[in-house]
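Report on the following structure.
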Amino acid sequence: MDFSVIKTLFIFIFFVHPEVKALIYPQDLITHDSVFDFPSLTPSFPTSSSPIFRPPTAPLVPALFIIGDSSVDCGTNNFLGTFARADRLPYGRDFDTHQPTGRFCNGRIPVDYLALRLGLPFVPSYLGQAGSVEEMVLGVNYASAGAGIIFSSGSELGQHISLAQQIEQVTDTVQQFIVNIGEDATTNLISSSLFYISIGSNDYIHYYLLNASNVQTVYLPWSFNQFLAQTIKQEIKNLYNDKVRKVVVMGLAPIGCAPYYLWLYSSKNGECVKNINDMILEFNFAVRYMVSELNEELVDATIIFCDAFEGSMDIIQNHNRYGFNVTDEACCGLGEYKGWIMCVSPEMACNNASSHIWWDQFHPTDAVNAILADNVWSSLHTPMCYPMNLQEMLAQSTR
C-alpha cells in the first residue's frame with residue numbers, strides 16, 4: 001500500500017467517517033463552585049455512583065495547567081486539521097467514560113492521575129471550553145499532539161500548537177483572569193498553582209531523526225539537545241514572568257523502545273534502538289541540568305525534573321514485577337511489533353491493554369501512565385524526580 005492510499009484512508013477515518021460521535025469530556029461530568037478565594041477553593045464532586053469519583057477533599061493546589069504534546073493532550077487536536085488525532089475508538093475504550101476524548105491512550109494519561117492526587121477534576125482542553133473564567137479556574141490543558149519545542153516539529157502531520165504558542169495561550173489566560181478577578185487574585189492563583197510541562201519527543205520523531213531542513217548537518221545530537229534545553233529554559237522564564245512558581249518538567253521516555261522504531265530498524269528480539277535512546281538520555285541530562293540552573297536563578301520558584309526515561313526503563317526491565325507480559329509490541333497497530341501502521345480501528349487492538357507496555361506506535365498504556373504518575377507524585381515505585389518528587393515539593397511550599 002503506497003502512502004497516497006494510506007493518506008486517503010486516514011482522511012476518510014478522521015475527517016469524513018459518519019460514525020464519529022460527539023465527544024464526551026470527563027470534565028463535563030464534574031461541577032465546581034465559582035469561588036475566587038483561591039487558598040480555600042474547594043470544588044464540589046460527584047457521588048461515588050458517578051462515572052468519575054474523587055474523595056471530597058480540598059485541593060492541594062488551586063489549579064493544574066498543562067503544556068505539552070500527545071503525551072498529555074486531552075483533546076486539543078480534536079479541533080485542529082491534523083492526522084494526529086485520537087478522537088475515535090479504540091482510543092479511550094478503557095477511559096472512565098469508555099469514549100474517545102482525544103487522549104492518545106486506551107485510558108487515562110499521567111496528568112489525569114496527578115489531578116486526582118491533587119484533589120482536582122480532570123483538566124479541560126484549552127480549545128475544548130468556552131473560555132470563561134469559571135471553566136478555567138481549576139486549570140487548563142494547552143497540550144497539542146504533534147507539537148514540539150521547535151515551531152515546525154510535527155508540521156507534516158498538519159496543524160498543531162507549538163510550545164511557544166502554548167506559552168502565549170497561558171499569557172492570554174492570565175490576562176483574562178486579571179480582567180475578570182483582578183491582578184492580586186490572579187497572582188495568588190497562578191503562583192500557587194502547578195504547571196506541568198511534557199514536550200520534546202516530536203523534535204526527534206518528526207524533526208531531527210527525519211533530518212528535516214538538513215538539521216543533522218547543522219547540529220550534532222549534543223548541540224541539538226542543548227538548543228532544545230535552552231529553548232525550554234527561556235519559555236519557563238516567560239512563565240515565571242507571568243507569576244508561575246511551581247513547575248514539573250518531564251524528561252522524555254525511551255522512544256528508541258517504541259514499537260514504531262522497533263519496526264523501522266528491524267529490531268531483533270525487541271531490543272531498543274540504542275542510538276535513539278542515547279540522544280534521549282543526553283536530552284534528559286541537559287534538561288535536568290537546566291532545571292537546576294533555573295532553581296538557582298529564579299527567586300521563589302520551585303521546579304522539579306522528572307525523568308520519564310528512568311521510570312519507563314524500570315518498567316521495561318522489571319515488567320514481570322509490574323504485571324506486563326508484552327514489552328515490545330503495541331496493543332494497537334499493524335505490522336511487526338504493530339509499529340508499521342498507526343492505531344485506526346478497534347479491530348486492530350488487543351483485548352487486554354493492561355498486559356502491554358505500549359498502546360500504539362509511540363504511546364504507553366493507561367497502566368504505564370498510572371505507574372509513572374505514582375513516581376512523579378511520591379516516587380512510589382522508583383525515584384525519578386529531582387531534586388524532589390511532587391508530593392515533597394508541595395509539602396515544602398506549605399512550610
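How things are named: the first chain in the C-alpha cells is A, the next is B, and so on; residues count from 1 in each chain; ligands count from 1 in the order shown.
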
Which of segment 245-301 of chain A fall in helix (DSSP H, G or I), as a short mmCIF file (atom, residue, chain, number, x, y, z; two decimals) with N, CA and C atoms, in the first residue's frame:
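result31.cif was written with the following content:
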```
data_model
loop_
_atom_site.label_atom_id
_atom_site.label_comp_id
_atom_site.auth_asym_id
_atom_site.auth_seq_id
_atom_site.Cartn_x
_atom_site.Cartn_y
_atom_site.Cartn_z
N ILE A 255 12.05 6.58 23.51
CA ILE A 255 11.34 6.36 22.24
C ILE A 255 12.09 5.36 21.35
N GLY A 256 13.36 5.09 21.65
CA GLY A 256 14.07 4.04 20.93
C GLY A 256 13.51 2.66 21.21
N CYS A 257 12.65 2.54 22.22
CA CYS A 257 11.98 1.28 22.54
C CYS A 257 10.56 1.24 21.99
N PRO A 259 7.38 0.83 19.59
CA PRO A 259 7.14 -0.15 18.51
C PRO A 259 7.44 0.37 17.11
N TYR A 260 7.21 1.66 16.86
CA TYR A 260 7.50 2.21 15.54
C TYR A 260 8.96 2.04 15.18
N TYR A 261 9.85 2.36 16.10
CA TYR A 261 11.28 2.27 15.80
C TYR A 261 11.77 0.83 15.84
N LEU A 262 11.13 -0.02 16.63
CA LEU A 262 11.49 -1.44 16.57
C LEU A 262 11.16 -1.99 15.19
N TRP A 263 10.03 -1.55 14.63
CA TRP A 263 9.68 -1.96 13.26
C TRP A 263 10.62 -1.33 12.24
N LEU A 264 10.84 -0.03 12.36
CA LEU A 264 11.63 0.70 11.36
C LEU A 264 13.06 0.19 11.28
N LYS A 274 19.54 1.73 20.19
CA LYS A 274 20.47 2.37 21.13
C LYS A 274 20.79 3.82 20.75
N ASN A 275 21.03 4.09 19.49
CA ASN A 275 21.45 5.45 19.13
C ASN A 275 20.33 6.47 19.38
N ILE A 276 19.07 6.04 19.25
CA ILE A 276 17.96 6.95 19.56
C ILE A 276 17.87 7.17 21.07
N ASN A 277 17.93 6.10 21.83
CA ASN A 277 17.86 6.24 23.28
C ASN A 277 19.03 7.03 23.85
N ASP A 278 20.19 6.93 23.21
CA ASP A 278 21.34 7.72 23.67
C ASP A 278 21.06 9.21 23.53
N MET A 279 20.40 9.60 22.44
CA MET A 279 20.05 11.01 22.26
C MET A 279 19.06 11.46 23.33
N ILE A 280 18.10 10.59 23.65
CA ILE A 280 17.11 10.94 24.67
C ILE A 280 17.78 11.07 26.04
N LEU A 281 18.72 10.18 26.34
CA LEU A 281 19.46 10.28 27.60
C LEU A 281 20.20 11.61 27.70
N GLU A 282 20.82 12.02 26.60
CA GLU A 282 21.55 13.29 26.58
C GLU A 282 20.59 14.47 26.76
N PHE A 283 19.44 14.40 26.09
CA PHE A 283 18.44 15.46 26.23
C PHE A 283 18.01 15.57 27.69
N ASN A 284 17.69 14.46 28.31
CA ASN A 284 17.23 14.48 29.70
C ASN A 284 18.30 15.02 30.64
N PHE A 285 19.54 14.67 30.36
CA PHE A 285 20.64 15.20 31.17
C PHE A 285 20.71 16.71 31.04
N ALA A 286 20.59 17.21 29.79
CA ALA A 286 20.67 18.65 29.56
C ALA A 286 19.51 19.38 30.23
N VAL A 287 18.32 18.81 30.17
CA VAL A 287 17.15 19.45 30.77
C VAL A 287 17.25 19.41 32.30
N ARG A 288 17.71 18.30 32.84
CA ARG A 288 17.87 18.23 34.30
C ARG A 288 18.85 19.28 34.80
N TYR A 289 19.94 19.47 34.09
CA TYR A 289 20.92 20.49 34.47
C TYR A 289 20.31 21.88 34.32
N MET A 290 19.54 22.09 33.26
CA MET A 290 18.88 23.37 33.04
C MET A 290 17.92 23.69 34.18
N VAL A 291 17.19 22.69 34.65
CA VAL A 291 16.26 22.88 35.76
C VAL A 291 17.00 23.28 37.04
N SER A 292 18.14 22.66 37.27
CA SER A 292 18.93 23.02 38.45
C SER A 292 19.42 24.47 38.35
N GLU A 293 19.76 24.91 37.15
CA GLU A 293 20.15 26.31 36.96
C GLU A 293 18.99 27.25 37.27
N LEU A 294 17.80 26.91 36.78
CA LEU A 294 16.64 27.78 37.00
C LEU A 294 16.29 27.88 38.48
N ASN A 295 16.46 26.80 39.21
CA ASN A 295 16.18 26.85 40.64
C ASN A 295 17.12 27.80 41.37
N GLU A 296 18.31 28.00 40.81
CA GLU A 296 19.25 28.96 41.39
C GLU A 296 18.92 30.39 40.95
N GLU A 297 18.43 30.53 39.73
CA GLU A 297 18.24 31.85 39.14
C GLU A 297 16.91 32.51 39.50
#
```

Any chance you could tabulate, as a Markdown table, the residues of segment 168-199 of chain A at most 7 Å from segment 65-87 of chain A with each one's nearest atom pair and distance in Å to one decimal, using only C-alpha atoms, in chain and rising number order?
```
| residue | atom | partner | partner_atom | distance |
| --- | --- | --- | --- | --- |
| A:Leu194 | CA | A:Phe65 | CA | 6.2 |
| A:Phe195 | CA | A:Phe65 | CA | 4.8 |
| A:Tyr196 | CA | A:Ile66 | CA | 4.8 |
| A:Ile197 | CA | A:Ile67 | CA | 4.8 |
| A:Ser198 | CA | A:Gly68 | CA | 4.6 |
| A:Ile199 | CA | A:Gly68 | CA | 4.6 |
```

Export, as a PDB file, in the first residue's frame, the selected residues with all heavy atoms.
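So the final result, stored in selection28.pdb, reads:
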```
ATOM      1  N   LEU A 194      -0.037  24.600  39.954  1.00  0.00           N
ATOM      2  CA  LEU A 194       1.019  23.747  39.416  1.00  0.00           C
ATOM      3  C   LEU A 194       0.989  23.772  37.898  1.00  0.00           C
ATOM      4  O   LEU A 194      -0.078  23.633  37.282  1.00  0.00           O
ATOM      5  CB  LEU A 194       0.833  22.307  39.910  1.00  0.00           C
ATOM      6  CG  LEU A 194       1.871  21.296  39.419  1.00  0.00           C
ATOM      7  CD1 LEU A 194       3.246  21.589  40.008  1.00  0.00           C
ATOM      8  CD2 LEU A 194       1.430  19.865  39.752  1.00  0.00           C
ATOM      9  N   PHE A 195       2.164  23.931  37.295  1.00  0.00           N
ATOM     10  CA  PHE A 195       2.316  23.859  35.847  1.00  0.00           C
ATOM     11  C   PHE A 195       3.133  22.617  35.499  1.00  0.00           C
ATOM     12  O   PHE A 195       4.179  22.371  36.100  1.00  0.00           O
ATOM     13  CB  PHE A 195       2.993  25.120  35.311  1.00  0.00           C
ATOM     14  CG  PHE A 195       2.057  26.295  35.199  1.00  0.00           C
ATOM     15  CD1 PHE A 195       1.604  26.941  36.341  1.00  0.00           C
ATOM     16  CD2 PHE A 195       1.620  26.733  33.964  1.00  0.00           C
ATOM     17  CE1 PHE A 195       0.719  28.005  36.264  1.00  0.00           C
ATOM     18  CE2 PHE A 195       0.745  27.804  33.867  1.00  0.00           C
ATOM     19  CZ  PHE A 195       0.293  28.447  35.021  1.00  0.00           C
ATOM     20  N   TYR A 196       2.641  21.851  34.554  1.00  0.00           N
ATOM     21  CA  TYR A 196       3.232  20.561  34.173  1.00  0.00           C
ATOM     22  C   TYR A 196       3.608  20.634  32.696  1.00  0.00           C
ATOM     23  O   TYR A 196       2.760  20.917  31.847  1.00  0.00           O
ATOM     24  CB  TYR A 196       2.208  19.463  34.431  1.00  0.00           C
ATOM     25  CG  TYR A 196       2.644  18.041  34.162  1.00  0.00           C
ATOM     26  CD1 TYR A 196       2.996  17.185  35.201  1.00  0.00           C
ATOM     27  CD2 TYR A 196       2.663  17.524  32.867  1.00  0.00           C
ATOM     28  CE1 TYR A 196       3.358  15.866  34.966  1.00  0.00           C
ATOM     29  CE2 TYR A 196       3.025  16.204  32.625  1.00  0.00           C
ATOM     30  CZ  TYR A 196       3.365  15.381  33.668  1.00  0.00           C
ATOM     31  OH  TYR A 196       3.723  14.069  33.429  1.00  0.00           O
ATOM     32  N   ILE A 197       4.892  20.395  32.393  1.00  0.00           N
ATOM     33  CA  ILE A 197       5.391  20.502  31.017  1.00  0.00           C
ATOM     34  C   ILE A 197       5.903  19.142  30.556  1.00  0.00           C
ATOM     35  O   ILE A 197       6.769  18.540  31.200  1.00  0.00           O
ATOM     36  CB  ILE A 197       6.512  21.554  30.911  1.00  0.00           C
ATOM     37  CG1 ILE A 197       6.015  22.920  31.386  1.00  0.00           C
ATOM     38  CG2 ILE A 197       7.040  21.633  29.483  1.00  0.00           C
ATOM     39  CD1 ILE A 197       7.099  23.981  31.465  1.00  0.00           C
ATOM     40  N   SER A 198       5.368  18.649  29.441  1.00  0.00           N
ATOM     41  CA  SER A 198       5.801  17.376  28.869  1.00  0.00           C
ATOM     42  C   SER A 198       5.868  17.510  27.359  1.00  0.00           C
ATOM     43  O   SER A 198       4.852  17.387  26.663  1.00  0.00           O
ATOM     44  CB  SER A 198       4.833  16.256  29.267  1.00  0.00           C
ATOM     45  OG  SER A 198       5.204  15.024  28.687  1.00  0.00           O
ATOM     46  N   ILE A 199       7.057  17.772  26.838  1.00  0.00           N
ATOM     47  CA  ILE A 199       7.210  18.033  25.414  1.00  0.00           C
ATOM     48  C   ILE A 199       8.650  17.747  24.990  1.00  0.00           C
ATOM     49  O   ILE A 199       9.567  17.794  25.814  1.00  0.00           O
ATOM     50  CB  ILE A 199       6.809  19.499  25.089  1.00  0.00           C
ATOM     51  CG1 ILE A 199       6.530  19.681  23.599  1.00  0.00           C
ATOM     52  CG2 ILE A 199       7.863  20.484  25.601  1.00  0.00           C
ATOM     53  CD1 ILE A 199       5.813  20.992  23.277  1.00  0.00           C
TER      54      ILE A 199
END
```

Please report, as a PDB file with N, CA and C atoms, in the first residue's frame, each residue of segment 162-248 of chain A to which DSSP assigns strand (DSSP E) when run on this structure's backbone.
```pdb
ATOM      1  N   LEU A 194      -0.037  24.600  39.954  1.00  0.00           N
ATOM      2  CA  LEU A 194       1.019  23.747  39.416  1.00  0.00           C
ATOM      3  C   LEU A 194       0.989  23.772  37.898  1.00  0.00           C
ATOM      4  N   PHE A 195       2.164  23.931  37.295  1.00  0.00           N
ATOM      5  CA  PHE A 195       2.316  23.859  35.847  1.00  0.00           C
ATOM      6  C   PHE A 195       3.133  22.617  35.499  1.00  0.00           C
ATOM      7  N   TYR A 196       2.641  21.851  34.554  1.00  0.00           N
ATOM      8  CA  TYR A 196       3.232  20.561  34.173  1.00  0.00           C
ATOM      9  C   TYR A 196       3.608  20.634  32.696  1.00  0.00           C
ATOM     10  N   ILE A 197       4.892  20.395  32.393  1.00  0.00           N
ATOM     11  CA  ILE A 197       5.391  20.502  31.017  1.00  0.00           C
ATOM     12  C   ILE A 197       5.903  19.142  30.556  1.00  0.00           C
ATOM     13  N   SER A 198       5.368  18.649  29.441  1.00  0.00           N
ATOM     14  CA  SER A 198       5.801  17.376  28.869  1.00  0.00           C
ATOM     15  C   SER A 198       5.868  17.510  27.359  1.00  0.00           C
ATOM     16  N   LYS A 246       5.491  27.167  40.479  1.00  0.00           N
ATOM     17  CA  LYS A 246       5.609  25.720  40.705  1.00  0.00           C
ATOM     18  C   LYS A 246       5.520  24.996  39.363  1.00  0.00           C
ATOM     19  N   VAL A 247       6.608  24.295  39.001  1.00  0.00           N
ATOM     20  CA  VAL A 247       6.671  23.676  37.680  1.00  0.00           C
ATOM     21  C   VAL A 247       7.228  22.256  37.774  1.00  0.00           C
ATOM     22  N   VAL A 248       6.575  21.330  37.074  1.00  0.00           N
ATOM     23  CA  VAL A 248       7.112  19.990  36.846  1.00  0.00           C
ATOM     24  C   VAL A 248       7.536  19.913  35.380  1.00  0.00           C
TER      25      VAL A 248
END
```

Atom CA of Asn211 of chain A sits from atom CA of Gln226 of chain A at a separation of 17.1 Å

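When atom CA of Gln175 of chain A is paired with atom CA of Leu118 of chain A, their separation reads 24.9 Å.
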
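When only C-alpha atoms are used to compute distances to Gly148 of chain A, the closest of the residues A:Thr97, A:Phe104, A:Tyr207, A:Glu168 turns out to be A:Tyr207.
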
Need to verify the contact set: Ala395 of chain A, 12 Å, only C-alpha atoms, exclusion of same-chain residues closer than 3 positions in sequence. Can you return it as a PyMOL selection string?
chain A and resi 60-61+302+377-378+388-392+398-399

Please dump the current selection as a PDB file, in the first residue's frame; keep N, CA and C atoms.
```pdb
ATOM      1  N   LEU A  60      -4.976  20.365  46.782  1.00  0.00           N
ATOM      2  CA  LEU A  60      -3.661  20.731  47.312  1.00  0.00           C
ATOM      3  C   LEU A  60      -3.087  21.957  46.620  1.00  0.00           C
ATOM      4  N   VAL A  61      -3.569  22.227  45.416  1.00  0.00           N
ATOM      5  CA  VAL A  61      -3.226  23.455  44.691  1.00  0.00           C
ATOM      6  C   VAL A  61      -4.527  23.985  44.086  1.00  0.00           C
ATOM      7  N   THR A 302       9.992  26.921  42.424  1.00  0.00           N
ATOM      8  CA  THR A 302      10.381  25.540  42.670  1.00  0.00           C
ATOM      9  C   THR A 302      10.075  24.739  41.424  1.00  0.00           C
ATOM     10  N   TRP A 377       4.461  11.622  41.636  1.00  0.00           N
ATOM     11  CA  TRP A 377       3.817  12.085  42.856  1.00  0.00           C
ATOM     12  C   TRP A 377       4.660  11.784  44.092  1.00  0.00           C
ATOM     13  N   SER A 378       5.089  10.520  44.252  1.00  0.00           N
ATOM     14  CA  SER A 378       5.715  10.141  45.522  1.00  0.00           C
ATOM     15  C   SER A 378       6.912   9.203  45.390  1.00  0.00           C
ATOM     16  N   MET A 388      13.366  16.620  44.021  1.00  0.00           N
ATOM     17  CA  MET A 388      12.360  16.039  44.912  1.00  0.00           C
ATOM     18  C   MET A 388      11.168  15.625  44.060  1.00  0.00           C
ATOM     19  N   ASN A 389      10.269  14.832  44.633  1.00  0.00           N
ATOM     20  CA  ASN A 389       9.051  14.494  43.904  1.00  0.00           C
ATOM     21  C   ASN A 389       7.983  15.554  44.156  1.00  0.00           C
ATOM     22  N   LEU A 390       6.851  15.393  43.500  1.00  0.00           N
ATOM     23  CA  LEU A 390       5.810  16.417  43.562  1.00  0.00           C
ATOM     24  C   LEU A 390       5.229  16.547  44.964  1.00  0.00           C
ATOM     25  N   GLN A 391       5.001  15.444  45.631  1.00  0.00           N
ATOM     26  CA  GLN A 391       4.462  15.490  46.982  1.00  0.00           C
ATOM     27  C   GLN A 391       5.397  16.256  47.919  1.00  0.00           C
ATOM     28  N   GLU A 392       6.682  16.025  47.787  1.00  0.00           N
ATOM     29  CA  GLU A 392       7.662  16.743  48.604  1.00  0.00           C
ATOM     30  C   GLU A 392       7.695  18.226  48.240  1.00  0.00           C
ATOM     31  N   THR A 398       4.271  24.496  51.710  1.00  0.00           N
ATOM     32  CA  THR A 398       3.310  24.828  52.766  1.00  0.00           C
ATOM     33  C   THR A 398       3.986  25.124  54.096  1.00  0.00           C
ATOM     34  N   ARG A 399       5.305  24.956  54.156  1.00  0.00           N
ATOM     35  CA  ARG A 399       6.004  25.198  55.428  1.00  0.00           C
ATOM     36  C   ARG A 399       6.137  26.677  55.703  1.00  0.00           C
TER      37      ARG A 399
END
```

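The space separating atom CA of Gly92 of chain A from atom CA of His356 of chain A comes to 15.6 Å.
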
Residues at most 7 Å from segment 357-361 of chain A, counting only C-alpha atoms, excluding those fewer than 4 positions away in the same chain, as a list in words?
Cys105, Asn106, Ala258, Pro259, Tyr260, Phe324, Val326, Thr327, Glu329, Ala330, Cys331, Cys332, Gly333, Gly339, Met342, Cys343, Ala353, Thr365 and Val368 of chain A

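Excluding Asn180 of chain A and any residue on its chain fewer than 6 positions from it, the residues at most 12 Å away by only C-alpha atoms are Phe36, Gly131, Ser132, Val133, Glu134, Met136, Val137, Thr173, Val174 and Thr186 of chain A.
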
Taking only C-alpha atoms into account, name the residue in A:Ser355, A:Thr57, A:Gln165, A:Ser397 that is nearest to Phe151 of chain A.
A:Gln165
